[in-house]
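Listing of input.cif, mmCIF, C-alpha atoms
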data_protein
#
loop_
_atom_site.group_PDB
_atom_site.id
_atom_site.type_symbol
_atom_site.label_atom_id
_atom_site.label_comp_id
_atom_site.auth_asym_id
_atom_site.auth_seq_id
_atom_site.Cartn_x
_atom_site.Cartn_y
_atom_site.Cartn_z
ATOM 1 C CA MET A 1 -8.732 196.444 146.211
ATOM 2 C CA LYS A 2 -8.741 192.962 147.761
ATOM 3 C CA THR A 3 -6.620 190.270 146.169
ATOM 4 C CA ARG A 4 -8.756 187.264 145.239
ATOM 5 C CA CYS A 5 -8.206 183.852 143.689
ATOM 6 C CA SER A 6 -7.353 184.221 140.009
ATOM 7 C CA TRP A 7 -10.438 182.292 138.836
ATOM 8 C CA VAL A 8 -12.829 184.992 140.074
ATOM 9 C CA ASN A 9 -14.283 187.103 137.283
ATOM 10 C CA GLN A 10 -13.687 190.583 138.700
ATOM 11 C CA LYS A 11 -16.383 192.009 136.399
ATOM 12 C CA ASN A 12 -19.140 189.817 137.854
ATOM 13 C CA GLU A 13 -20.346 191.186 141.217
ATOM 14 C CA ASN A 14 -22.307 187.979 141.818
ATOM 15 C CA TYR A 15 -19.143 185.912 141.401
ATOM 16 C CA ILE A 16 -17.113 188.211 143.655
ATOM 17 C CA LYS A 17 -19.773 187.986 146.360
ATOM 18 C CA TYR A 18 -19.870 184.188 146.032
ATOM 19 C CA HIS A 19 -16.083 183.956 146.388
ATOM 20 C CA ASP A 20 -15.902 186.385 149.293
ATOM 21 C CA GLU A 21 -18.879 185.144 151.296
ATOM 22 C CA GLU A 22 -19.403 181.476 150.450
ATOM 23 C CA TRP A 23 -16.668 179.619 148.577
ATOM 24 C CA GLY A 24 -14.320 177.662 150.758
ATOM 25 C CA ARG A 25 -16.077 178.402 154.038
ATOM 26 C CA PRO A 26 -16.823 175.233 156.015
ATOM 27 C CA LEU A 27 -20.478 174.407 155.442
ATOM 28 C CA HIS A 28 -22.445 172.113 157.746
ATOM 29 C CA ASP A 29 -26.090 172.860 156.924
ATOM 30 C CA ASP A 30 -27.699 169.925 155.087
ATOM 31 C CA GLN A 31 -30.087 172.187 153.160
ATOM 32 C CA LYS A 32 -27.211 174.270 151.811
ATOM 33 C CA LEU A 33 -25.079 171.170 151.184
ATOM 34 C CA TYR A 34 -27.959 169.693 149.198
ATOM 35 C CA GLU A 35 -28.506 172.811 147.094
ATOM 36 C CA LEU A 36 -24.794 173.075 146.368
ATOM 37 C CA LEU A 37 -24.554 169.403 145.365
ATOM 38 C CA ILE A 38 -27.447 169.751 142.921
ATOM 39 C CA LEU A 39 -26.001 172.943 141.451
ATOM 40 C CA GLU A 40 -22.531 171.400 141.128
ATOM 41 C CA SER A 41 -24.002 168.487 139.171
ATOM 42 C CA PHE A 42 -25.443 170.963 136.666
ATOM 43 C CA GLN A 43 -21.969 172.454 136.231
ATOM 44 C CA ALA A 44 -20.648 169.335 134.476
ATOM 45 C CA GLY A 45 -19.189 170.489 131.163
ATOM 46 C CA LEU A 46 -19.949 174.130 131.932
ATOM 47 C CA SER A 47 -18.471 176.875 134.073
ATOM 48 C CA TRP A 48 -19.468 177.475 137.686
ATOM 49 C CA GLU A 49 -20.078 181.101 136.753
ATOM 50 C CA CYS A 50 -22.813 179.978 134.333
ATOM 51 C CA VAL A 51 -24.541 177.974 137.076
ATOM 52 C CA LEU A 52 -24.067 180.701 139.671
ATOM 53 C CA ASN A 53 -25.682 183.265 137.391
ATOM 54 C CA LYS A 54 -28.744 181.004 137.177
ATOM 55 C CA ARG A 55 -28.878 180.033 140.873
ATOM 56 C CA GLU A 56 -32.002 182.056 141.682
ATOM 57 C CA ASN A 57 -33.765 180.550 138.670
ATOM 58 C CA PHE A 58 -32.760 177.079 139.867
ATOM 59 C CA ARG A 59 -34.100 177.829 143.346
ATOM 60 C CA GLN A 60 -37.439 178.828 141.888
ATOM 61 C CA ALA A 61 -37.624 175.943 139.399
ATOM 62 C CA PHE A 62 -36.608 173.361 142.038
ATOM 63 C CA ASP A 63 -39.124 174.498 144.677
ATOM 64 C CA GLY A 64 -36.508 176.201 146.843
ATOM 65 C CA PHE A 65 -34.485 172.981 146.775
ATOM 66 C CA ASP A 66 -37.055 171.244 148.947
ATOM 67 C CA ILE A 67 -35.528 167.767 148.951
ATOM 68 C CA ASP A 68 -38.835 166.009 149.575
ATOM 69 C CA LYS A 69 -40.488 167.729 146.627
ATOM 70 C CA VAL A 70 -37.527 167.200 144.285
ATOM 71 C CA SER A 71 -37.309 163.518 145.279
ATOM 72 C CA ASP A 72 -40.918 163.110 144.167
ATOM 73 C CA TYR A 73 -40.649 164.862 140.785
ATOM 74 C CA ASP A 74 -42.438 162.813 138.183
ATOM 75 C CA GLU A 75 -41.914 162.792 134.420
ATOM 76 C CA ARG A 76 -44.328 165.695 133.968
ATOM 77 C CA LYS A 77 -42.406 167.924 136.378
ATOM 78 C CA GLN A 78 -39.094 166.876 134.827
ATOM 79 C CA GLN A 79 -40.460 167.767 131.385
ATOM 80 C CA ALA A 80 -41.500 171.193 132.689
ATOM 81 C CA LEU A 81 -37.930 171.715 133.951
ATOM 82 C CA LYS A 82 -36.589 170.791 130.494
ATOM 83 C CA GLU A 83 -38.672 173.643 129.092
ATOM 84 C CA ASP A 84 -37.561 176.219 131.686
ATOM 85 C CA ALA A 85 -35.223 178.647 129.897
ATOM 86 C CA GLY A 86 -34.000 180.039 133.225
ATOM 87 C CA ILE A 87 -32.051 176.905 134.112
ATOM 88 C CA ILE A 88 -29.723 174.464 132.365
ATOM 89 C CA ARG A 89 -32.150 172.258 130.454
ATOM 90 C CA ASN A 90 -30.215 169.023 130.256
ATOM 91 C CA SER A 91 -32.572 166.072 130.661
ATOM 92 C CA ARG A 92 -29.864 163.782 132.069
ATOM 93 C CA LYS A 93 -28.882 166.355 134.702
ATOM 94 C CA ILE A 94 -32.517 166.945 135.650
ATOM 95 C CA LYS A 95 -33.073 163.207 136.035
ATOM 96 C CA ALA A 96 -29.858 162.978 138.069
ATOM 97 C CA ALA A 97 -31.063 165.767 140.380
ATOM 98 C CA VAL A 98 -34.152 163.706 141.223
ATOM 99 C CA GLN A 99 -32.205 160.480 141.707
ATOM 100 C CA ASN A 100 -29.446 162.185 143.691
ATOM 101 C CA SER A 101 -32.075 163.733 145.965
ATOM 102 C CA ARG A 102 -33.345 160.286 146.844
ATOM 103 C CA VAL A 103 -29.833 159.016 147.555
ATOM 104 C CA PHE A 104 -29.054 162.159 149.595
ATOM 105 C CA LYS A 105 -32.054 161.341 151.818
ATOM 106 C CA GLU A 106 -30.852 157.730 152.212
ATOM 107 C CA ILE A 107 -27.429 159.009 153.300
ATOM 108 C CA GLN A 108 -29.113 161.338 155.809
ATOM 109 C CA LYS A 109 -30.971 158.375 157.297
ATOM 110 C CA GLU A 110 -27.825 156.247 157.474
ATOM 111 C CA PHE A 111 -25.492 158.890 158.938
ATOM 112 C CA GLY A 112 -27.953 161.180 160.715
ATOM 113 C CA SER A 113 -27.097 163.979 158.271
ATOM 114 C CA PHE A 114 -25.353 164.454 154.966
ATOM 115 C CA ASP A 115 -22.981 166.757 156.840
ATOM 116 C CA ALA A 116 -21.852 163.858 159.065
ATOM 117 C CA TYR A 117 -21.323 161.713 155.970
ATOM 118 C CA ILE A 118 -19.332 164.181 153.856
ATOM 119 C CA TRP A 119 -17.130 165.464 156.687
ATOM 120 C CA SER A 120 -16.419 161.897 157.888
ATOM 121 C CA PHE A 121 -13.998 161.504 154.995
ATOM 122 C CA THR A 122 -11.655 164.022 156.676
ATOM 123 C CA ASP A 123 -12.617 163.382 160.309
ATOM 124 C CA GLY A 124 -14.283 166.795 160.328
ATOM 125 C CA LYS A 125 -11.083 168.614 159.401
ATOM 126 C CA VAL A 126 -10.491 171.101 156.598
ATOM 127 C CA VAL A 127 -7.858 169.935 154.123
ATOM 128 C CA ARG A 128 -5.500 172.711 153.078
ATOM 129 C CA GLU A 129 -4.232 172.322 149.548
ATOM 130 C CA PRO A 130 -1.977 174.783 147.789
ATOM 131 C CA PHE A 131 -3.797 176.671 145.082
ATOM 132 C CA THR A 132 -3.272 174.950 141.760
ATOM 133 C CA GLU A 133 -5.252 174.273 138.646
ATOM 134 C CA ARG A 134 -5.927 170.804 140.038
ATOM 135 C CA THR A 135 -9.363 169.362 139.270
ATOM 136 C CA THR A 136 -9.357 166.079 141.243
ATOM 137 C CA SER A 137 -7.685 164.564 144.275
ATOM 138 C CA PRO A 138 -7.553 161.193 146.020
ATOM 139 C CA LEU A 139 -10.256 162.535 148.372
ATOM 140 C CA SER A 140 -12.605 163.551 145.539
ATOM 141 C CA ASP A 141 -11.911 160.193 143.854
ATOM 142 C CA GLU A 142 -12.918 158.331 147.029
ATOM 143 C CA ILE A 143 -16.103 160.326 147.641
ATOM 144 C CA SER A 144 -17.131 160.169 143.985
ATOM 145 C CA LYS A 145 -16.707 156.405 143.977
ATOM 146 C CA ASP A 146 -18.765 156.024 147.149
ATOM 147 C CA LEU A 147 -21.591 158.279 145.916
ATOM 148 C CA LYS A 148 -21.738 156.410 142.607
ATOM 149 C CA ARG A 149 -21.858 153.104 144.493
ATOM 150 C CA ARG A 150 -24.852 154.488 146.399
ATOM 151 C CA GLY A 151 -26.612 155.374 143.116
ATOM 152 C CA MET A 152 -25.788 159.028 142.434
ATOM 153 C CA THR A 153 -24.864 160.269 138.981
ATOM 154 C CA PHE A 154 -23.099 163.440 137.780
ATOM 155 C CA VAL A 155 -20.841 163.179 140.825
ATOM 156 C CA GLY A 156 -17.550 162.400 139.090
ATOM 157 C CA SER A 157 -14.273 163.242 140.764
ATOM 158 C CA THR A 158 -13.980 166.668 139.093
ATOM 159 C CA ILE A 159 -17.468 167.674 140.215
ATOM 160 C CA MET A 160 -16.786 166.365 143.706
ATOM 161 C CA TYR A 161 -13.480 168.225 143.906
ATOM 162 C CA SER A 162 -15.270 171.444 143.025
ATOM 163 C CA TYR A 163 -17.989 170.623 145.572
ATOM 164 C CA LEU A 164 -15.452 169.929 148.329
ATOM 165 C CA GLN A 165 -13.723 173.241 147.638
ATOM 166 C CA ALA A 166 -16.994 175.154 147.524
ATOM 167 C CA MET A 167 -18.248 173.686 150.812
ATOM 168 C CA GLY A 168 -14.938 174.202 152.578
ATOM 169 C CA VAL A 169 -13.744 170.625 153.093
ATOM 170 C CA ILE A 170 -10.828 171.596 150.867
ATOM 171 C CA ASN A 171 -9.420 175.081 151.378
ATOM 172 C CA GLY A 172 -8.144 175.929 147.935
ATOM 173 C CA HIS A 173 -7.806 179.698 148.255
ATOM 174 C CA ALA A 174 -4.640 181.129 146.731
ATOM 175 C CA GLU A 175 -1.908 182.059 149.190
ATOM 176 C CA ASP A 176 -2.302 185.762 148.432
ATOM 177 C CA CYS A 177 -6.121 185.683 148.518
ATOM 178 C CA TRP A 178 -7.581 187.809 151.288
ATOM 179 C CA CYS A 179 -9.858 184.877 152.237
ATOM 180 C CA ASN A 180 -6.810 182.997 153.518
ATOM 181 C CA GLU A 181 -6.682 185.554 156.292
ATOM 182 C CA ARG A 182 -9.923 184.286 157.866
#
What does the file become when written as structure tokens?
Amino acid sequence: MKTRCSWVNQKNENYIKYHDEEWGRPLHDDQKLYELLILESFQAGLSWECVLNKRENFRQAFDGFDIDKVSDYDERKQQALKEDAGIIRNSRKIKAAVQNSRVFKEIQKEFGSFDAYIWSFTDGKVVREPFTERTTSPLSDEISKDLKRRGMTFVGSTIMYSYLQAMGVINGHAEDCWCNER
């Protein structure tokens, strides 16, 4: 049996697959970065496992995370999302998803891609941090502050730290985790 990071629920095949195939791998695709950012914002106050278990429902409810469609969601569409039992039905998070989509597009225009923006904070390099129960860092503080200044919400430092780990800017795998071998 492979040794994994201690936070992985070994009874949840979906979670194991996420850890082994996605988490902590450097991600540079704007579509995937966008989806992950929206999902991370829904995690606030909840566990990532809860969000991950609903990811397919989110994809369906949010039109495959089509940024142009989500950016244009009106009150009627947002109300329909609030009634969708397959997702997390928090009205503030739904509203934030729409607003954050608009800001994401503005960042793409300014930097050429969201990828160029997010990786510019580390000059394109992965930051290796020893595995700890840490939930924020100076890097997540800086990015959170900048995104909030640009108009995003639900992008606090804890959410951004989780996002940076998930998308591979921060390699937070445990020393004995088999993923450190890649």
Find the residues around Ile159 (chain A) up to 12 Å (all atoms listed in the file counted), leave out those fewer than 2 positions away in its own chain, and share them as a VMD selection string. chain A and resid 36 to 48 134 to 137 140 to 141 143 to 145 147 153 to 157 161 to 166
Enumerate, as a PyMOL selection string, the residues matched when the PyMOL selection byres ((chain A and resi 88-92) around 10) is run on the file above. chain A and resi 39+42-43+46+50-51+54+57-58+78-87+93-97+153-154
If we count all atoms listed in the file and set the cut-off at 12 Å, which residues sit around Asp176 (chain A), ignoring sequence neighbours fewer than 5 positions away in its own chain? Please answer as a count of residues only. 8
Nearest to Leu33 (chain A) by atom-to-atom distance, counting all atoms listed in the file, from A:Asp115, A:Glu49, A:Thr122, A:Asn171: A:Asp115
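The coordinates place CA of Lys17 (chain A) at 21.4 Å from CA of Glu133 (chain A).
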Specify as a PyMOL selection string each residue included when the PyMOL selection byres ((chain A and resi 28) around 9) is applied to this file. chain A and resi 26-27+29-33+114-116+119+167
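Between Val103 (chain A) and the residues A:Asn14, A:Gln60, A:Ser71, A:Asn9, the shortest atom-to-atom distance, using all atoms listed in the file, involves A:Ser71.
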Box centre and edge lengths (Å, one decimal), axis-aligned, region 8-20 of chain A plus 3 Å each side, as JSON:
{"center_x": -17.6, "center_y": 188.0, "center_z": 142.8, "size_x": 15.5, "size_y": 14.1, "size_z": 18.9}
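Shortest atom-to-atom contact with Phe104 (chain A) among A:Val126, A:Ile67, A:Ala61, A:Val169: A:Ile67, counting only C-alpha atoms.
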Figure out the distance between CA of Pro138 (chain A) and CA of Phe121 (chain A), please, to one decimal in Å. 11.1 Å
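Between CA of Gln108 (chain A) and CA of Gly124 (chain A) the separation is 16.4 Å.
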Hey, what comes out of the PyMOL selection byres ((chain A and resi 68) around 12) on this file? Could you write it as an MDAnalysis selection string? chainID A and resid 31 34 62:67 69:73 98:106
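When all atoms listed in the file are used to measure the gap to Ile107 (chain A), the shortest distance among A:Asp123, A:Asp74, A:Asp146, A:Asp20 belongs to A:Asp146.
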